[in-house]
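Engineer: Input file: target_29.cif. Contents: mmCIF, C-alpha atoms.
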```cif
data_coords
loop_
_atom_site.group_PDB
_atom_site.id
_atom_site.type_symbol
_atom_site.label_atom_id
_atom_site.label_comp_id
_atom_site.auth_asym_id
_atom_site.auth_seq_id
_atom_site.Cartn_x
_atom_site.Cartn_y
_atom_site.Cartn_z
ATOM 1 C CA MET A 1 -73.398 13.756 -46.504
ATOM 2 C CA THR A 2 -76.317 16.032 -45.703
ATOM 3 C CA THR A 3 -77.217 19.325 -47.291
ATOM 4 C CA ASN A 4 -78.850 22.157 -45.408
ATOM 5 C CA ASN A 5 -80.417 24.808 -47.643
ATOM 6 C CA ARG A 6 -81.624 27.993 -46.009
ATOM 7 C CA ILE A 7 -83.224 31.142 -47.292
ATOM 8 C CA VAL A 8 -81.675 34.150 -45.598
ATOM 9 C CA ASP A 9 -83.913 37.166 -46.070
ATOM 10 C CA THR A 10 -83.960 38.718 -42.584
ATOM 11 C CA GLU A 11 -81.388 39.648 -39.964
ATOM 12 C CA GLN A 12 -82.778 36.892 -37.734
ATOM 13 C CA ALA A 13 -82.300 34.310 -40.499
ATOM 14 C CA ARG A 14 -78.724 35.510 -40.987
ATOM 15 C CA ASP A 15 -78.058 35.241 -37.238
ATOM 16 C CA MET A 16 -79.493 31.701 -37.208
ATOM 17 C CA LEU A 17 -77.280 30.717 -40.142
ATOM 18 C CA VAL A 18 -74.191 32.051 -38.362
ATOM 19 C CA LYS A 19 -75.143 30.072 -35.217
ATOM 20 C CA PHE A 20 -75.671 26.964 -37.330
ATOM 21 C CA ILE A 21 -72.240 27.362 -38.974
ATOM 22 C CA MET A 22 -70.536 27.984 -35.629
ATOM 23 C CA GLY A 23 -72.010 24.717 -34.338
ATOM 24 C CA LYS A 24 -70.749 22.616 -37.262
ATOM 25 C CA THR A 25 -67.832 20.254 -36.792
ATOM 26 C CA MET A 26 -65.040 20.862 -39.282
ATOM 27 C CA PRO A 27 -64.323 20.054 -41.983
ATOM 28 C CA PHE A 28 -67.435 20.951 -43.966
ATOM 29 C CA THR A 29 -68.229 22.632 -47.254
ATOM 30 C CA ALA A 30 -70.450 25.688 -47.547
ATOM 31 C CA SER A 31 -71.862 27.512 -50.543
ATOM 32 C CA ILE A 32 -73.930 30.674 -50.753
ATOM 33 C CA THR A 33 -76.091 31.664 -53.696
ATOM 34 C CA ASP A 34 -76.996 35.295 -54.285
ATOM 35 C CA GLY A 35 -80.608 36.107 -55.009
ATOM 36 C CA LYS A 36 -84.039 35.540 -53.613
ATOM 37 C CA HIS A 37 -85.541 32.038 -53.552
ATOM 38 C CA ARG A 38 -88.254 31.174 -56.110
ATOM 39 C CA THR A 39 -91.706 32.503 -55.235
ATOM 40 C CA SER A 40 -94.987 30.759 -54.513
ATOM 41 C CA ASP A 41 -96.487 32.613 -57.502
ATOM 42 C CA GLN A 42 -93.840 31.033 -59.725
ATOM 43 C CA ASN A 43 -94.598 27.616 -58.256
ATOM 44 C CA ARG A 44 -98.352 28.049 -58.834
ATOM 45 C CA LEU A 45 -97.756 29.127 -62.428
ATOM 46 C CA GLN A 46 -95.518 26.113 -63.055
ATOM 47 C CA ARG A 47 -98.179 23.739 -61.653
ATOM 48 C CA GLN A 48 -100.865 25.426 -63.765
ATOM 49 C CA TRP A 49 -98.806 25.128 -66.935
ATOM 50 C CA VAL A 50 -97.932 21.474 -66.287
ATOM 51 C CA LEU A 51 -101.653 20.675 -66.030
ATOM 52 C CA GLU A 52 -102.428 22.673 -69.179
ATOM 53 C CA ILE A 53 -99.589 21.100 -71.161
ATOM 54 C CA SER A 54 -100.600 17.602 -70.099
ATOM 55 C CA ALA A 55 -104.233 18.201 -71.026
ATOM 56 C CA GLN A 56 -103.369 19.671 -74.438
ATOM 57 C CA LEU A 57 -100.768 17.044 -75.352
ATOM 58 C CA GLY A 58 -103.040 14.263 -74.185
ATOM 59 C CA ASP A 59 -100.354 11.595 -74.023
ATOM 60 C CA GLN A 60 -98.358 12.653 -70.947
ATOM 61 C CA SER A 61 -99.356 12.920 -67.300
ATOM 62 C CA PRO A 62 -98.706 16.195 -65.473
ATOM 63 C CA GLU A 63 -95.847 14.454 -63.641
ATOM 64 C CA GLU A 64 -94.289 13.357 -66.937
ATOM 65 C CA VAL A 65 -94.509 16.925 -68.245
ATOM 66 C CA ARG A 66 -92.946 18.223 -65.022
ATOM 67 C CA GLY A 67 -90.091 15.708 -65.286
ATOM 68 C CA TYR A 68 -89.504 16.563 -68.947
ATOM 69 C CA CYS A 69 -89.370 20.295 -68.169
ATOM 70 C CA LYS A 70 -87.014 19.825 -65.228
ATOM 71 C CA LEU A 71 -84.623 17.708 -67.307
ATOM 72 C CA HIS A 72 -84.706 19.737 -70.527
ATOM 73 C CA PHE A 73 -85.005 23.294 -69.190
ATOM 74 C CA GLY A 74 -84.158 23.348 -65.481
ATOM 75 C CA VAL A 75 -81.049 21.185 -65.473
ATOM 76 C CA PRO A 76 -79.205 23.305 -68.078
ATOM 77 C CA ILE A 77 -79.923 26.491 -66.113
ATOM 78 C CA LEU A 78 -78.581 25.054 -62.866
ATOM 79 C CA ARG A 79 -75.610 23.314 -64.500
ATOM 80 C CA ASN A 80 -74.568 26.699 -65.918
ATOM 81 C CA GLU A 81 -74.965 28.627 -62.686
ATOM 82 C CA ASN A 82 -74.548 26.277 -59.714
ATOM 83 C CA ASP A 83 -71.213 24.488 -59.399
ATOM 84 C CA VAL A 84 -72.412 22.214 -56.589
ATOM 85 C CA PHE A 85 -75.461 21.151 -58.614
ATOM 86 C CA LYS A 86 -73.319 20.618 -61.724
ATOM 87 C CA ALA A 87 -70.852 18.403 -59.875
ATOM 88 C CA GLU A 88 -73.611 16.294 -58.292
ATOM 89 C CA TYR A 89 -75.651 16.023 -61.499
ATOM 90 C CA ASP A 90 -72.622 15.197 -63.628
ATOM 91 C CA ALA A 91 -71.432 12.510 -61.195
ATOM 92 C CA VAL A 92 -74.762 10.813 -60.492
ATOM 93 C CA ILE A 93 -77.202 11.473 -63.333
ATOM 94 C CA MET A 94 -75.245 12.507 -66.429
ATOM 95 C CA PRO A 95 -73.871 8.985 -67.132
ATOM 96 C CA LEU A 96 -77.342 7.405 -67.082
ATOM 97 C CA PRO A 97 -79.497 6.625 -70.130
ATOM 98 C CA TYR A 98 -82.079 9.278 -71.026
ATOM 99 C CA GLU A 99 -85.041 7.219 -69.752
ATOM 100 C CA HIS A 100 -83.422 6.899 -66.317
ATOM 101 C CA LYS A 101 -82.615 10.609 -66.163
ATOM 102 C CA LEU A 102 -86.242 11.401 -66.940
ATOM 103 C CA LYS A 103 -87.513 9.012 -64.243
ATOM 104 C CA LEU A 104 -85.188 10.575 -61.678
ATOM 105 C CA MET A 105 -86.809 13.963 -62.300
ATOM 106 C CA MET A 106 -90.221 12.586 -61.305
ATOM 107 C CA VAL A 107 -91.824 11.252 -58.140
ATOM 108 C CA PRO A 108 -90.829 9.109 -56.285
ATOM 109 C CA PHE A 109 -87.194 10.132 -56.923
ATOM 110 C CA ASP A 110 -87.800 13.833 -57.650
ATOM 111 C CA PHE A 111 -84.188 14.999 -58.030
ATOM 112 C CA GLY A 112 -84.145 18.624 -56.864
ATOM 113 C CA VAL A 113 -84.017 21.121 -59.708
ATOM 114 C CA THR A 114 -86.556 23.957 -59.590
ATOM 115 C CA ARG A 115 -86.659 23.940 -55.785
ATOM 116 C CA LEU A 116 -83.009 25.034 -55.837
ATOM 117 C CA MET A 117 -83.653 28.015 -58.116
ATOM 118 C CA THR A 118 -83.578 31.692 -57.342
ATOM 119 C CA THR A 119 -86.408 33.889 -58.624
ATOM 120 C CA ARG A 120 -84.240 34.931 -61.577
ATOM 121 C CA GLN A 121 -83.453 31.328 -62.478
ATOM 122 C CA LYS A 122 -87.082 30.277 -62.072
ATOM 123 C CA THR A 123 -88.142 33.171 -64.340
ATOM 124 C CA ALA A 124 -85.693 31.976 -67.002
ATOM 125 C CA TYR A 125 -87.017 28.426 -66.563
ATOM 126 C CA LEU A 126 -90.661 29.493 -66.904
ATOM 127 C CA ASP A 127 -89.857 31.662 -69.927
ATOM 128 C CA THR A 128 -88.180 28.674 -71.596
ATOM 129 C CA VAL A 129 -91.106 26.347 -70.802
ATOM 130 C CA HIS A 130 -93.560 28.908 -72.179
ATOM 131 C CA ARG A 131 -91.555 29.481 -75.353
ATOM 132 C CA HIS A 132 -91.032 25.755 -76.007
ATOM 133 C CA PHE A 133 -94.677 24.757 -75.696
ATOM 134 C CA SER A 134 -96.104 27.913 -77.283
ATOM 135 C CA GLU A 135 -93.982 27.194 -80.353
ATOM 136 C CA GLN A 136 -95.802 23.849 -80.528
ATOM 137 C CA GLY A 137 -99.148 25.655 -80.587
ATOM 138 C CA LEU A 138 -100.131 25.076 -76.962
ATOM 139 C CA ILE A 139 -101.912 27.862 -75.118
ATOM 140 C CA LEU A 140 -100.714 28.507 -71.570
ATOM 141 C CA THR A 141 -102.198 30.726 -68.892
ATOM 142 C CA ASN A 142 -100.816 34.248 -68.938
ATOM 143 C CA PRO A 143 -99.205 35.023 -65.538
ATOM 144 C CA GLU A 144 -100.838 38.468 -65.552
ATOM 145 C CA ASP A 145 -104.271 36.811 -65.743
ATOM 146 C CA LEU A 146 -103.505 34.871 -62.560
ATOM 147 C CA LYS A 147 -102.484 38.078 -60.765
ATOM 148 C CA ARG A 148 -105.699 39.804 -61.842
ATOM 149 C CA ARG A 149 -107.851 36.883 -60.667
ATOM 150 C CA ARG A 150 -106.248 36.918 -57.211
ATOM 151 C CA ALA A 151 -106.650 40.688 -56.938
ATOM 152 C CA ALA A 152 -110.363 40.531 -57.783
#
```
Rewrite the coordinates I just gave you, this time as structure tokens.

Structural biologist:
Amino acid sequence: MTTNNRIVDTEQARDMLVKFIMGKTMPFTASITDGKHRTSDQNRLQRQWVLEISAQLGDQSPEEVRGYCKLHFGVPILRNENDVFKAEYDAVIMPLPYEHKLKLMMVPFDFGVTRLMTTRQKTAYLDTVHRHFSEQGLILTNPEDLKRRRAA
């Protein structure tokens, strides 16, 4: 089974999606998620924070931090809001031991979590990451500082 995710944010993209659907052989399953796809600014902030968290903790690589965040903060968001994700996660990953779940969040497996998020979901994810690590005394880059640096 293959999945085809598309961001539809223009009339042309909508027309291309309709053409794609019309060309599909039935039966097939389709799902549509309201909202805009996560932004490159959100992705940059996540990468920045993963590096900062790793450096301040000192005992986890950036990839380990990323996997931890995906599993602990991203998965619950998507399980609550995306029925297709919930069904797939619950069938494939949920039964596994914790260590295996964590490994599946990281390269080379890299189970899709944040790449499936809308901007609203990614904002909730980033807010949760920030709150969790700030409560441990870590200092993370303020997103407004990044915006100011790019504008300068």

Engineer: Name the residues that the PyMOL selection byres ((chain A and resi 121) around 10) picks from the file above, as JSON, numbers by chain, using the file's chain letters and numbers.

Structural biologist: {"A": [35, 36, 37, 38, 74, 77, 78, 81, 114, 116, 117, 118, 119, 120, 122, 123, 124, 125, 126, 127]}

Engineer: Might you spell out which residues the PyMOL selection byres ((chain A and resi 68) around 12) would select in the displayed file, as a VMD selection string?

Structural biologist: chain A and resid 50 53 to 54 60 to 67 69 to 75 98 to 106 110 113 129 132 to 133

Engineer: Mind pulling up the distance from atom CA of Gln46 of chain A to atom CA of Thr128 of chain A?

Structural biologist: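 Going from atom CA of Thr128 of chain A over to atom CA of Gln46 of chain A covers 11.5 Å.
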
Engineer: Could you please determine the separation between atom CA of Ser40 of chain A and atom CA of Arg115 of chain A in Å, to one decimal place?

Structural biologist: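 Here the two named atoms are 10.8 Å from each other.
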
Engineer: Figure out the distance between atom CA of Glu11 of chain A and atom CA of Ile32 of chain A, please, to one decimal in Å.

Structural biologist: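 Computing the Euclidean distance for atom CA of Ile32 of chain A and atom CA of Glu11 of chain A yields 15.9 Å.
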
Engineer: In terms of the shortest atom-to-atom distance over only C-alpha atoms, which of A:Asn82, A:Met22, A:Pro76, A:Asp15 is closest to Asp34 of chain A?

Structural biologist: A:Asn82

Engineer: Do you know which residues the PyMOL selection byres ((chain A and resi 6) around 12) returns on this file, as an mmCIF file with C-alpha atoms, keeping the file's coordinate frame?

Structural biologist:
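Okay, selection.cif is ready:
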```cif
data_model
loop_
_atom_site.group_PDB
_atom_site.id
_atom_site.type_symbol
_atom_site.label_atom_id
_atom_site.label_comp_id
_atom_site.auth_asym_id
_atom_site.auth_seq_id
_atom_site.Cartn_x
_atom_site.Cartn_y
_atom_site.Cartn_z
ATOM 1 C CA THR A 3 -77.217 19.325 -47.291
ATOM 2 C CA ASN A 4 -78.850 22.157 -45.408
ATOM 3 C CA ASN A 5 -80.417 24.808 -47.643
ATOM 4 C CA ILE A 7 -83.224 31.142 -47.292
ATOM 5 C CA VAL A 8 -81.675 34.150 -45.598
ATOM 6 C CA ASP A 9 -83.913 37.166 -46.070
ATOM 7 C CA THR A 10 -83.960 38.718 -42.584
ATOM 8 C CA ALA A 13 -82.300 34.310 -40.499
ATOM 9 C CA ARG A 14 -78.724 35.510 -40.987
ATOM 10 C CA ASP A 15 -78.058 35.241 -37.238
ATOM 11 C CA MET A 16 -79.493 31.701 -37.208
ATOM 12 C CA LEU A 17 -77.280 30.717 -40.142
ATOM 13 C CA VAL A 18 -74.191 32.051 -38.362
ATOM 14 C CA PHE A 20 -75.671 26.964 -37.330
ATOM 15 C CA ILE A 21 -72.240 27.362 -38.974
ATOM 16 C CA ALA A 30 -70.450 25.688 -47.547
ATOM 17 C CA SER A 31 -71.862 27.512 -50.543
ATOM 18 C CA ILE A 32 -73.930 30.674 -50.753
ATOM 19 C CA THR A 33 -76.091 31.664 -53.696
ATOM 20 C CA ASP A 34 -76.996 35.295 -54.285
ATOM 21 C CA LYS A 36 -84.039 35.540 -53.613
ATOM 22 C CA HIS A 37 -85.541 32.038 -53.552
ATOM 23 C CA ARG A 115 -86.659 23.940 -55.785
ATOM 24 C CA LEU A 116 -83.009 25.034 -55.837
#
```

Engineer: Pick out the closest residue to Ile93 of chain A from this set: A:Phe28, A:Phe111, A:Asn80, A:Arg44. Count only C-alpha atoms.

Structural biologist: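 For Ile93 of chain A, the nearest of the given residues is A:Phe111.
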
Engineer: So which one's closest to Arg47 of chain A, A:Val107, A:Met26, A:Val92, A:Leu140? Using only C-alpha atoms, please.

Structural biologist: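 Selected residue with least distance to Arg47 of chain A: A:Leu140.
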
Engineer: Missing atoms in segment 120-142 of chain A should be modelled up to N, CA and C atoms and reported as a compact mmCIF listing (two decimals), keeping the file's coordinate frame.

Structural biologist:
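Below is the file out_30.txt, written as the result:
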```txt
# COMPACT_ATOMS: atom_id res chain seq x y z
N ARG A 120 -84.74 34.65 -60.23
CA ARG A 120 -84.24 34.93 -61.58
C ARG A 120 -84.13 33.65 -62.39
N GLN A 121 -83.58 32.60 -61.78
CA GLN A 121 -83.45 31.33 -62.48
C GLN A 121 -84.82 30.73 -62.79
N LYS A 122 -85.74 30.83 -61.85
CA LYS A 122 -87.08 30.28 -62.07
C LYS A 122 -87.80 31.06 -63.17
N THR A 123 -87.57 32.37 -63.26
CA THR A 123 -88.14 33.17 -64.34
C THR A 123 -87.60 32.70 -65.68
N ALA A 124 -86.30 32.47 -65.75
CA ALA A 124 -85.69 31.98 -67.00
C ALA A 124 -86.27 30.61 -67.36
N TYR A 125 -86.44 29.76 -66.36
CA TYR A 125 -87.02 28.43 -66.56
C TYR A 125 -88.44 28.53 -67.11
N LEU A 126 -89.27 29.34 -66.46
CA LEU A 126 -90.66 29.49 -66.90
C LEU A 126 -90.73 30.10 -68.30
N ASP A 127 -89.89 31.07 -68.58
CA ASP A 127 -89.86 31.66 -69.93
C ASP A 127 -89.52 30.61 -70.98
N THR A 128 -88.58 29.72 -70.66
CA THR A 128 -88.18 28.67 -71.60
C THR A 128 -89.30 27.66 -71.80
N VAL A 129 -89.96 27.27 -70.70
CA VAL A 129 -91.11 26.35 -70.80
C VAL A 129 -92.19 26.96 -71.68
N HIS A 130 -92.51 28.23 -71.42
CA HIS A 130 -93.56 28.91 -72.18
C HIS A 130 -93.21 28.97 -73.66
N ARG A 131 -91.99 29.36 -73.96
CA ARG A 131 -91.56 29.48 -75.35
C ARG A 131 -91.61 28.12 -76.06
N HIS A 132 -91.10 27.09 -75.41
CA HIS A 132 -91.03 25.76 -76.01
C HIS A 132 -92.43 25.24 -76.36
N PHE A 133 -93.36 25.33 -75.44
CA PHE A 133 -94.68 24.76 -75.70
C PHE A 133 -95.56 25.68 -76.53
N SER A 134 -95.36 26.99 -76.43
CA SER A 134 -96.10 27.91 -77.28
C SER A 134 -95.72 27.73 -78.74
N GLU A 135 -94.44 27.44 -78.98
CA GLU A 135 -93.98 27.19 -80.35
C GLU A 135 -94.60 25.93 -80.94
N GLN A 136 -95.11 25.05 -80.07
CA GLN A 136 -95.80 23.85 -80.53
C GLN A 136 -97.30 24.08 -80.68
N GLY A 137 -97.74 25.32 -80.43
CA GLY A 137 -99.15 25.66 -80.59
C GLY A 137 -99.99 25.51 -79.34
N LEU A 138 -99.38 25.20 -78.20
CA LEU A 138 -100.13 25.08 -76.96
C LEU A 138 -100.41 26.46 -76.40
N ILE A 139 -101.53 26.59 -75.73
CA ILE A 139 -101.91 27.86 -75.12
C ILE A 139 -101.79 27.72 -73.61
N LEU A 140 -100.95 28.56 -73.01
CA LEU A 140 -100.71 28.51 -71.57
C LEU A 140 -101.24 29.77 -70.90
N THR A 141 -101.68 29.60 -69.67
CA THR A 141 -102.20 30.73 -68.89
C THR A 141 -101.18 31.85 -68.85
N ASN A 142 -101.65 33.06 -69.05
CA ASN A 142 -100.82 34.25 -68.94
C ASN A 142 -100.65 34.57 -67.45
```
